[in-house]
Structures are given as C-alpha cells and as structure tokens.
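Asker: You'll find input_11.cif just under this line, and it carries mmCIF, C-alpha atoms.
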data_upload
loop_
_atom_site.label_atom_id
_atom_site.label_comp_id
_atom_site.auth_asym_id
_atom_site.auth_seq_id
_atom_site.Cartn_x
_atom_site.Cartn_y
_atom_site.Cartn_z
CA MET A 1 16.70 -16.77 -9.62
CA SER A 2 14.30 -15.26 -12.12
CA ASP A 3 13.08 -11.70 -11.79
CA VAL A 4 9.59 -12.94 -10.91
CA GLN A 5 10.92 -14.87 -7.93
CA PHE A 6 13.02 -11.87 -6.95
CA CYS A 7 9.88 -9.70 -6.95
CA LEU A 8 8.00 -12.26 -4.87
CA LEU A 9 10.78 -12.24 -2.26
CA LEU A 10 10.78 -8.43 -2.29
CA ALA A 11 7.02 -8.43 -1.74
CA ALA A 12 7.35 -10.89 1.16
CA LEU A 13 9.89 -8.66 2.91
CA LEU A 14 7.80 -5.55 2.23
CA PHE A 15 4.76 -7.28 3.74
CA SER A 16 6.75 -8.21 6.85
CA ILE A 17 7.90 -4.62 7.32
CA GLY A 18 4.24 -3.59 7.04
CA VAL A 19 3.31 -6.12 9.72
CA PHE A 20 6.04 -4.70 11.96
CA GLY A 21 4.68 -1.16 11.53
CA LEU A 22 1.11 -2.30 12.09
CA LEU A 23 2.05 -3.98 15.38
CA THR A 24 4.32 -1.28 16.79
CA ARG A 25 2.76 2.03 15.77
CA ARG A 26 0.35 3.80 18.09
CA ASN A 27 -0.61 6.67 15.79
CA ALA A 28 -3.70 6.05 13.64
CA ILE A 29 -2.22 7.64 10.49
CA ALA A 30 0.99 5.62 10.86
CA ILE A 31 -1.08 2.43 11.13
CA LEU A 32 -2.86 3.34 7.89
CA LEU A 33 0.53 3.91 6.23
CA SER A 34 1.65 0.44 7.36
CA ILE A 35 -1.50 -1.04 5.83
CA GLU A 36 -0.56 0.76 2.61
CA LEU A 37 2.82 -1.00 2.65
CA MET A 38 1.14 -4.38 3.04
CA ALA A 39 -1.38 -3.67 0.26
CA ASN A 40 1.49 -2.62 -1.96
CA ALA A 41 3.27 -5.92 -1.32
CA VAL A 42 0.12 -7.80 -2.27
CA ASN A 43 -0.13 -5.80 -5.51
CA ILE A 44 3.46 -6.68 -6.41
CA ASN A 45 2.54 -10.33 -5.92
CA LEU A 46 -0.51 -10.00 -8.16
CA VAL A 47 1.52 -8.42 -10.96
CA ALA A 48 4.32 -10.96 -10.62
CA PHE A 49 1.92 -13.90 -10.84
CA SER A 50 0.16 -12.23 -13.77
CA ARG A 51 3.58 -12.21 -15.45
CA VAL A 52 3.89 -15.95 -14.85
CA HIS A 53 0.35 -16.62 -15.98
CA GLY A 54 0.65 -14.52 -19.10
CA GLY A 55 -2.83 -13.00 -19.12
CA ALA A 56 -4.29 -9.62 -18.23
CA THR A 57 -6.35 -10.93 -15.29
CA GLY A 58 -3.67 -10.41 -12.66
CA GLN A 59 -3.12 -6.80 -13.70
CA VAL A 60 -6.86 -6.13 -13.77
CA PHE A 61 -7.09 -7.55 -10.27
CA ALA A 62 -4.20 -5.35 -9.12
CA LEU A 63 -5.98 -2.29 -10.54
CA PHE A 64 -9.13 -3.23 -8.63
CA ALA A 65 -7.02 -3.61 -5.49
CA ILE A 66 -5.45 -0.17 -5.99
CA ALA A 67 -8.86 1.48 -6.39
CA LEU A 68 -10.20 -0.30 -3.30
CA THR A 69 -7.18 0.82 -1.29
CA VAL A 70 -7.76 4.42 -2.31
CA ALA A 71 -11.36 4.20 -1.10
CA GLU A 72 -10.22 2.60 2.16
CA VAL A 73 -7.63 5.32 2.76
CA ALA A 74 -10.17 8.09 2.10
CA VAL A 75 -12.62 6.72 4.67
CA GLY A 76 -9.85 5.85 7.14
CA LEU A 77 -8.31 9.29 7.05
CA ALA A 78 -11.74 10.90 7.44
CA LEU A 79 -12.20 8.83 10.61
CA VAL A 80 -8.75 9.94 11.82
CA ILE A 81 -9.64 13.61 11.26
CA LEU A 82 -12.92 13.11 13.14
CA MET A 83 -11.03 11.48 16.02
CA ALA A 84 -8.49 14.31 16.08
CA ARG A 85 -11.31 16.87 16.20
CA GLN A 86 -13.27 15.18 18.97
CA ARG A 87 -10.51 13.82 21.19
CA ARG A 88 -7.50 16.05 20.38
CA THR A 89 -5.37 12.94 19.89
CA ILE A 90 -4.97 10.24 17.27
CA ASP A 91 -3.33 7.67 19.52
CA VAL A 92 -5.27 4.45 19.00
CA GLY A 93 -4.67 3.49 22.64
CA GLU A 94 -6.89 6.41 23.66
CA ALA A 95 -9.94 5.25 21.68
CA THR A 96 -11.49 3.12 24.41
CA ASP A 97 -15.12 4.29 24.40
CA LEU A 98 -16.45 0.90 23.31
CA ARG A 99 -14.46 -1.06 25.87
CA GLY A 100 -16.80 -3.38 27.78
CA MET I 101 19.19 -11.96 -16.08
CA SER I 102 22.13 -9.93 -17.28
CA ALA I 103 24.42 -8.18 -14.81
CA LEU I 104 22.91 -4.77 -15.55
CA GLU I 105 19.38 -6.05 -14.96
CA ILE I 106 20.43 -7.60 -11.67
CA LEU I 107 22.05 -4.33 -10.61
CA GLY I 108 18.94 -2.29 -11.51
CA MET I 109 16.61 -4.70 -9.77
CA SER I 110 18.79 -4.73 -6.64
CA VAL I 111 18.83 -0.94 -6.48
CA LEU I 112 15.02 -0.89 -6.83
CA ALA I 113 14.67 -3.50 -4.09
CA LEU I 114 16.99 -1.56 -1.80
CA VAL I 115 15.00 1.64 -2.35
CA VAL I 116 11.69 -0.16 -1.68
CA LEU I 117 12.88 -1.89 1.49
CA GLY I 118 14.80 1.11 2.80
CA GLY I 119 11.81 3.36 2.22
CA ALA I 120 9.55 0.86 3.96
CA LEU I 121 11.85 0.77 6.99
CA GLY I 122 11.88 4.56 7.00
CA THR I 123 8.07 4.55 6.93
CA VAL I 124 7.71 2.31 9.97
CA LEU I 125 10.67 3.66 11.99
CA SER I 126 10.73 7.42 11.38
CA LYS I 127 9.80 9.53 14.40
CA ASN I 128 8.20 12.37 12.47
CA LEU I 129 4.88 11.51 10.83
CA VAL I 130 5.48 13.78 7.81
CA HIS I 131 8.77 11.98 7.17
CA SER I 132 6.90 8.66 7.34
CA VAL I 133 4.50 9.83 4.63
CA LEU I 134 7.38 10.99 2.42
CA TRP I 135 9.20 7.65 2.86
CA LEU I 136 5.97 5.93 1.85
CA ALA I 137 5.83 8.10 -1.29
CA LEU I 138 9.34 6.88 -2.16
CA VAL I 139 8.26 3.26 -1.69
CA LEU I 140 5.21 3.75 -3.92
CA VAL I 141 7.20 5.35 -6.74
CA ALA I 142 9.86 2.63 -6.56
CA THR I 143 7.09 0.03 -6.68
CA ALA I 144 6.00 1.58 -9.97
CA GLY I 145 9.53 0.80 -11.16
CA VAL I 146 9.08 -2.81 -10.08
CA TYR I 147 5.85 -2.98 -12.08
CA ALA I 148 7.66 -1.59 -15.12
CA ARG I 149 10.32 -4.30 -14.66
CA LEU I 150 7.53 -6.89 -14.71
CA CYS I 151 6.33 -5.52 -18.07
CA ALA I 152 3.24 -3.86 -16.56
CA GLY I 153 3.72 -0.33 -17.87
CA PHE I 154 0.09 0.72 -17.60
CA LEU I 155 -0.04 -0.40 -13.99
CA ALA I 156 3.14 1.55 -13.24
CA GLY I 157 1.44 4.70 -14.51
CA ALA I 158 -1.74 4.00 -12.57
CA GLN I 159 0.34 3.38 -9.45
CA ILE I 160 2.01 6.80 -9.68
CA LEU I 161 -1.25 8.60 -10.51
CA LEU I 162 -3.46 6.95 -7.89
CA TYR I 163 -1.07 6.12 -5.07
CA ALA I 164 1.70 8.68 -5.24
CA GLY I 165 -0.78 11.32 -6.41
CA GLY I 166 -3.94 10.49 -4.47
CA VAL I 167 -3.06 8.58 -1.34
CA ILE I 168 0.02 10.61 -0.45
CA THR I 169 -1.88 13.89 -0.90
CA LEU I 170 -4.70 12.61 1.31
CA ALA I 171 -2.23 11.43 3.96
CA ILE I 172 -0.37 14.77 3.98
CA PHE I 173 -3.72 16.57 4.35
CA ALA I 174 -4.67 14.35 7.29
CA VAL I 175 -1.30 14.88 8.97
CA MET I 176 -1.52 18.65 8.61
CA LEU I 177 -5.14 18.83 9.84
CA SER I 178 -4.63 16.55 12.82
CA SER I 179 -1.34 18.18 13.84
CA ARG I 180 -3.11 21.55 13.86
CA MET I 181 -5.81 20.11 16.10
CA GLU I 182 -3.32 18.43 18.40
CA GLY I 183 -1.13 21.52 18.48
CA GLY I 184 2.43 21.14 17.27
CA PRO I 185 4.08 18.57 15.02
CA ILE I 186 3.13 14.96 15.66
CA LEU I 187 6.05 13.07 17.10
CA HIS I 188 5.15 9.49 17.50
CA GLY I 189 7.16 6.77 19.06
CA SER I 190 6.60 3.08 18.64
CA ALA I 191 5.63 0.73 21.42
CA LYS I 192 6.69 -2.88 21.96
CA GLN I 193 9.21 -2.91 19.12
CA GLY I 194 10.80 -6.16 20.30
CA ARG I 195 7.62 -8.18 20.08
CA GLY I 196 6.67 -6.58 16.76
CA ALA I 197 10.09 -7.42 15.33
CA VAL I 198 9.74 -11.05 16.43
CA VAL I 199 6.35 -11.42 14.73
CA ALA I 200 7.54 -9.61 11.57
CA LEU I 201 10.68 -11.77 11.34
CA ALA I 202 8.56 -14.90 11.78
CA VAL I 203 6.25 -13.79 8.95
CA ALA I 204 9.25 -12.97 6.73
CA ALA I 205 10.93 -16.32 7.46
CA LEU I 206 7.72 -18.23 6.73
CA LEU I 207 6.99 -16.44 3.44
CA CYS I 208 10.59 -16.51 2.18
CA GLY I 209 11.01 -20.16 3.15
CA VAL I 210 7.92 -21.18 1.22
CA LEU I 211 8.97 -19.03 -1.75
CA LEU I 212 12.47 -20.47 -1.93
CA GLN I 213 11.16 -24.04 -1.75
CA THR I 214 8.60 -23.53 -4.50
CA GLU I 215 9.63 -24.34 -8.05
CA LEU I 216 8.05 -21.72 -10.28
CA SER I 217 8.06 -22.82 -13.89
CA ILE I 218 8.21 -19.57 -15.81
CA PRO I 219 7.77 -19.85 -19.56
CA ARG I 220 10.46 -18.16 -21.62
CA ASP I 221 8.84 -15.94 -24.25
CA LEU I 222 5.81 -14.45 -22.54
CA PRO I 223 3.52 -12.07 -24.39
CA VAL I 224 3.53 -8.57 -22.90
CA VAL I 225 0.10 -7.46 -21.69
CA ASP I 226 -0.53 -3.97 -23.04
CA ALA I 227 -3.04 -1.33 -21.98
CA ALA I 228 -5.42 -2.25 -24.81
CA GLU I 229 -5.76 -5.78 -23.48
CA ILE I 230 -6.35 -4.52 -19.92
CA GLY I 231 -9.02 -2.14 -21.20
CA ARG I 232 -10.68 -4.92 -23.15
CA SER I 233 -10.89 -7.20 -20.14
CA PHE I 234 -12.22 -4.30 -18.03
CA LEU I 235 -15.03 -3.56 -20.46
CA VAL I 236 -15.88 -7.10 -21.62
CA GLU I 237 -15.00 -9.74 -19.09
CA TYR I 238 -15.05 -7.68 -15.87
CA VAL I 239 -17.60 -5.01 -16.78
CA LEU I 240 -19.91 -5.70 -13.80
CA PRO I 241 -17.15 -5.50 -11.13
CA PHE I 242 -15.87 -2.37 -12.89
CA GLU I 243 -19.25 -0.62 -12.59
CA VAL I 244 -19.72 -1.80 -9.00
CA LEU I 245 -16.27 -0.39 -8.24
CA SER I 246 -17.28 3.05 -9.51
CA VAL I 247 -20.36 2.98 -7.27
CA LEU I 248 -18.14 1.98 -4.35
CA LEU I 249 -15.75 4.86 -5.02
CA VAL I 250 -18.60 7.38 -5.05
CA ALA I 251 -19.99 5.90 -1.84
CA ALA I 252 -16.57 6.06 -0.19
CA MET I 253 -16.07 9.70 -1.19
CA ILE I 254 -19.52 10.71 0.11
CA ALA I 255 -18.85 8.77 3.32
CA ALA I 256 -15.49 10.47 3.81
CA LEU I 257 -17.06 13.90 3.28
CA THR I 258 -19.91 13.14 5.67
CA ILE I 259 -17.64 11.80 8.39
CA ALA I 260 -15.05 14.56 8.23
CA ARG I 261 -17.49 17.48 7.81
CA ARG I 262 -17.77 20.04 10.57
CA GLU I 263 -21.06 19.95 12.45
CA ASP I 264 -21.42 23.74 12.54
CA PRO I 265 -20.96 25.26 9.07
#
What does this structure look like when you write it as structure tokens?
Answerer:
Amino acid sequence: MSDVQFCLLLAALLFSIGVFGLLTRRNAIAILLSIELMANAVNINLVAFSRVHGGATGQVFALFAIALTVAEVAVGLALVILMARQRRTIDVGEATDLRG
Amino acid sequence: MSALEILGMSVLALVVLGGALGTVLSKNLVHSVLWLALVLVATAGVYARLCAGFLAGAQILLYAGGVITLAIFAVMLSSRMEGGPILHGSAKQGRGAVVALAVAALLCGVLLQTELSIPRDLPVVDAAEIGRSFLVEYVLPFEVLSVLLVAAMIAALTIARREDP
C-alpha cells in the first residue's frame, strides 16, 4: 500500500469518527468540534489527491477549505455564546423555539 | 515504503485516530478541545509526509492557533454562564456507532477496491508554486475569500456582542 492510499484510509476513518461525534453529542461546541474532525479528514483527502495529481491545485483548494472552516467556526462559536447567554444552556436539544 | 517510514506513518495515524476518539468520547469539554488540538497538530505531520510543507505550517498556524483558541474561549465563556464546568454526556451512542461504522465500511471498501496509479517521481509542490497559483490562476476566489473572512469576523462580533455596553 502506498502512503497516499494509507492517508486516504486514515481520512476515511477520521471522517467516520467525526460522523459518530456529530450524531451522538448534545453539546453545541462538541458538535462543532466533530465538524472540525470531518473537515480535517476532507483536507487530508485533498492533499493526498494533490500528491497523486502532481499540481498545486489540490493544496490551494485545501488552503481555501481551511480558511472557510475558520470563518465557519468563528460564526458558529459566536452563535453558541449567544445561546449560552440567552438560555443558560448550550444543549442543542433545548433550542426548540422554531419547532412548528 | 521503508520500515522506518511505515513505523512513522503508523504512529501518526494512531495519534490522529486516538485523538479523534478522545475528542468525541471525552466527558469534559475542555479535554475534548485539547484532544482536537492533538489531532490537528498530528494532521500537520500527515501533510508534511505528503510533501505539503507549506500546508503543514498553515494548518498549525490557522487551526491549532486560531480554531483551538476560539474554541477554548467559547468553552470558558459558556461554562461561566452555565455555572460550573461543562460535563456533557453523549446520547444514543449505539445508533451513532452503527451509522459511523457503516460510513467507515463503505469508504474503506471503495478505497481498497480502487486501483490508484501513483506515478513514481512526482515533483514536490513548494510554497512559491502555491503562491503563484493563488495570485495568478485563483486570484478572484482569493480576493472573495478575504471579503468573506472580514464578513464572518464582523458577523461573529455582532452576534456575540452584549446588548448593553
């Protein structure tokens, strides 16, 4: 097995662990952390395929993805802080105001 | 791969996967964030193994520096508002494990069946080439990205700001 394939397998397992966290966690910050794990797995994939492809495009794409994730985390954590201030809890099961 | 390379890569993989499990299973939220920091730093090692040195540096600066700091801030602020350290359990772990195992089996099965033809002597992409493609080929997405980052920062400030100064 080449090291690229090894990295792809590693990324697949990392993604699955992220899915597990996303499905089982109730805390909003922990859910964001699980999303980070999944985004990280995707970035490993991008870099590995860029290695196969041989150009800079994959790495440029991974850098874009990293910057987008940072923006997403900033907004997400701001929402979590707002929720903690208004409701005194960050359990996502408690956020039911928009339930029909 | 030589034996030493295999050993190094296996250690990296173990650190990444163990840290990820710690992130999703740890009861204390601060511990979760610290496990995630370990995963992100080890991922930088994986990037370095894939000959992406610049990306490894960016990963440590942006992720381990920026995201982890933000997450620690959020944990501290929200635990102060909730009163006491945040202990968080996980619900429905059985069902989550089933779905995660199914995803893992699907992805790994496809990966192991696929024949990747990897050329032998690949050129290493250096930072100069990445910079060139940022400023020539992808200059418009690059500028749009900077606008997006400013918008996201202003949005985060506006959302999280106290109503009464």
Asker: As a check of understanding, name the residues that the PyMOL selection byres ((chain A) within 7 of (chain I)) selects in the supplied structure, as a VMD selection string.
Answerer: chain A and resid 9 to 10 12 to 14 16 to 17 19 to 21 23 to 27 34 48 51 to 52 54 to 56 60 70 to 71 73 to 75 77 to 79 81 to 82 84 to 85 88 to 89
Asker: Excluding A:Asn43 and any residue of its chain fewer than 3 positions from it, enumerate the residues within 9 Å of it, using all atoms listed in the file, and give them as a JSON list (two decimals) with C-alpha atoms, keeping the file's coordinate frame.
Answerer:
[["chain", "number", "residue", "atom", "x", "y", "z"],
["A", 11, "ALA", "CA", 7.02, -8.43, -1.74],
["A", 38, "MET", "CA", 1.14, -4.38, 3.04],
["A", 39, "ALA", "CA", -1.38, -3.67, 0.26],
["A", 40, "ASN", "CA", 1.49, -2.62, -1.96],
["A", 46, "LEU", "CA", -0.51, -10.00, -8.16],
["A", 47, "VAL", "CA", 1.52, -8.42, -10.96],
["A", 48, "ALA", "CA", 4.32, -10.96, -10.62],
["A", 59, "GLN", "CA", -3.12, -6.80, -13.70],
["A", 61, "PHE", "CA", -7.09, -7.55, -10.27],
["A", 62, "ALA", "CA", -4.20, -5.35, -9.12],
["A", 63, "LEU", "CA", -5.98, -2.29, -10.54],
["A", 65, "ALA", "CA", -7.02, -3.61, -5.49],
["A", 66, "ILE", "CA", -5.45, -0.17, -5.99]]
Asker: Select, from I:Gly153, I:Ala148, I:Trp135, I:Leu161, the residue with the minimum atom-to-atom distance to A:Cys7, counting all atoms listed in the file.
Answerer: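 Nearest candidate to A:Cys7 out of I:Gly153, I:Ala148, I:Trp135, I:Leu161: I:Ala148.
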Asker: What is the atom CA of A:Gln86-atom CA of I:His131 distance in Å, reported with one decimal?
Answerer: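 Computed distance, atom CA of A:Gln86 to atom CA of I:His131, equals 25.2 Å.
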Asker: Quick one: of A:Arg87, A:Ile44, A:Leu37, A:Val80, who's nearest to A:Val4, counting only C-alpha atoms?
Answerer: A:Ile44
Asker: For a test of reading the model, state the distance in Å between atom CA of I:Ile160 and atom CA of A:Thr57, rounded to one decimal.
Answerer: 20.4 Å
Asker: Would you work out the distance separating atom CA of A:Ile29 from atom CA of A:Gly58, expressed in Å to one decimal?
Answerer: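 Going from atom CA of A:Ile29 over to atom CA of A:Gly58 covers 29.4 Å.
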Asker: So which one's closest to A:Gln5, A:Gly76, A:Ala30, A:Thr69, A:Phe49? Using only C-alpha atoms, please.
Answerer: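 Using only C-alpha atoms, A:Gln5 sits closest to A:Phe49.
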